Amino acid sequence: MTALVAVAHGSRDPRSAASAAALVDAVRHLRPGLDVRLAFLDLSAPRLPEVLHAVADQGHRSAVVVPLLLGRAYHARVDLPSAVTRSRLPRLSVHIADVLGPDPRLPSAALRRLAATGAAIDDPDLGVVLAAAGSSHQPANQAVADVAAGWAAWAPWVGVLPAFATTAAPDVAAAITELRRRGARRIAVASWFLAPGVLPDRVAVTAVAADAQALVADPLGPDPELAELVLDRYHAALPIGAVPVPRLATC
């Protein structure tokens, strides 16, 4: 069997690791016969090299590393391959799957979190901010902007703007100001974060400081569609000849 090692970034905030663990539990529920492990790149334990060594020690000859990352920013392009290289496991063939985005299940989950705040999806007076971490890698920021543009194309809202907690512009406060200028009477902030942590908290504080009535959505979290997406990324990266474990039937 080829093990699935889901790799999250890691955070000093314990809620982040708990959310990643809940997502991995959802993956295990869908594939109870599959060996699914959780690892982190930084700040949380266990780290990826430690988990890969454990996978090899327990008899696996191959593993697929699935990044629990929404886009192809620095962590996906540099940190993750470096961590796999540092593991130095000649007995274990390691394949790195694609990141979770882009995929329509991500904006679908974000919309569900947005609706859970009480924001009306059919409200023509609503202005929506899609808040993400932000990256020095412009294509990662553009991917967030593309999701915002996709929502704006069909939603009756005053507008949808991407905003970023670090590095990129605009920030959440500036996006809210612009939506108010366009005529938005109500503001909601959708989350392009996988798990709770410092940056989602910063977004919430900034949003409420800019508009005390702003509705702020929770991060995507252990959504069932995201568990399916993790499995799809695993399946696509399986080495040739590997037999996937059947998915648990759901109704």
# chains A, B, ... in the order shown; residues from 1 in each chain; ligands from 1

$ closest_atom_pairs --of "stretch 99-188 of chain A" --to "stretch 221-232 of chain A" --cutoff "12 Å" --atoms "only C-alpha atoms" --output "CSV"
residue,atom,partner,partner_atom,distance
A:Val99,CA,A:Val230,CA,8.9
A:Leu100,CA,A:Leu229,CA,6.9
A:Gly101,CA,A:Leu229,CA,9.4
A:Pro102,CA,A:Leu229,CA,10.6
A:Asp103,CA,A:Leu229,CA,8.2
A:Pro104,CA,A:Leu229,CA,9.8
A:Arg105,CA,A:Glu225,CA,6.2
A:Leu106,CA,A:Leu226,CA,7.2
A:Pro107,CA,A:Leu226,CA,10.6
A:Ser108,CA,A:Glu225,CA,8.6
A:Ala109,CA,A:Asp223,CA,6.9
A:Ala110,CA,A:Gly221,CA,9.6
A:Leu111,CA,A:Asp223,CA,11.8
A:Arg112,CA,A:Asp223,CA,9.6
A:Arg113,CA,A:Gly221,CA,9.3

$ residues_around --residues "A:Asp35" --least-positions-apart "2" --cutoff "8 Å" --atoms "only C-alpha atoms" --output "VMD selection string"
chain A and resid 1 to 4 28 33 37

$ select_by_dssp --residues "stretch 31-192 of chain A" --states "strand (DSSP E)" --output "PyMOL selection string"
chain A and resi 36-40+62-67+93-96+126-132+159-164+186-191

$ residues_around --residues "stretch 59-66 of chain A" --least-positions-apart "4" --cutoff "8 Å" --atoms "only C-alpha atoms" --output "list in words"
Met1, Thr2, Ala3, Leu4, Val5, Ala6, Val7, Leu52, Val55, Arg91, Leu92, Ser93, Val94, His95, Ile96, Ala97, Asp98, Val99, Val230, Arg233, Tyr234, Ala237 and Leu238 of chain A

$ atom_distance --atom1 "atom CA of A:Val78" --atom2 "atom CA of A:Asp42"
13.0 Å

$ atom_distance --atom1 "atom CA of A:Asp122" --atom2 "atom CA of A:Ala190"
15.1 Å

$ closest_residue --among "A:Leu70, A:Ala83, A:Ile187, A:Ile121" --to "A:Val144" --atoms "only C-alpha atoms"
A:Leu70

$ residues_around --residues "stretch 132-141 of chain A" --least-positions-apart "5" --cutoff "6 Å" --atoms "only C-alpha atoms" --output "VMD selection string"
chain A and resid 71 to 73 164 to 168 192

$ closest_residue --among "A:His75, A:Arg12, A:His53, A:Arg88" --to "A:Leu41" --atoms "only C-alpha atoms"
A:His75

$ select_by_dssp --residues "stretch 32-100 of chain A" --states "helix (DSSP H, G or I)" --output "list in words"
Leu48, Pro49, Glu50, Val51, Leu52, His53, Ala54, Val55, Ala56, Asp57, Tyr74, His75, Ala76, Arg77, Val78, Asp79, Leu80, Pro81, Ser82, Ala83, Val84, Thr85, Arg86 and Ser87 of chain A
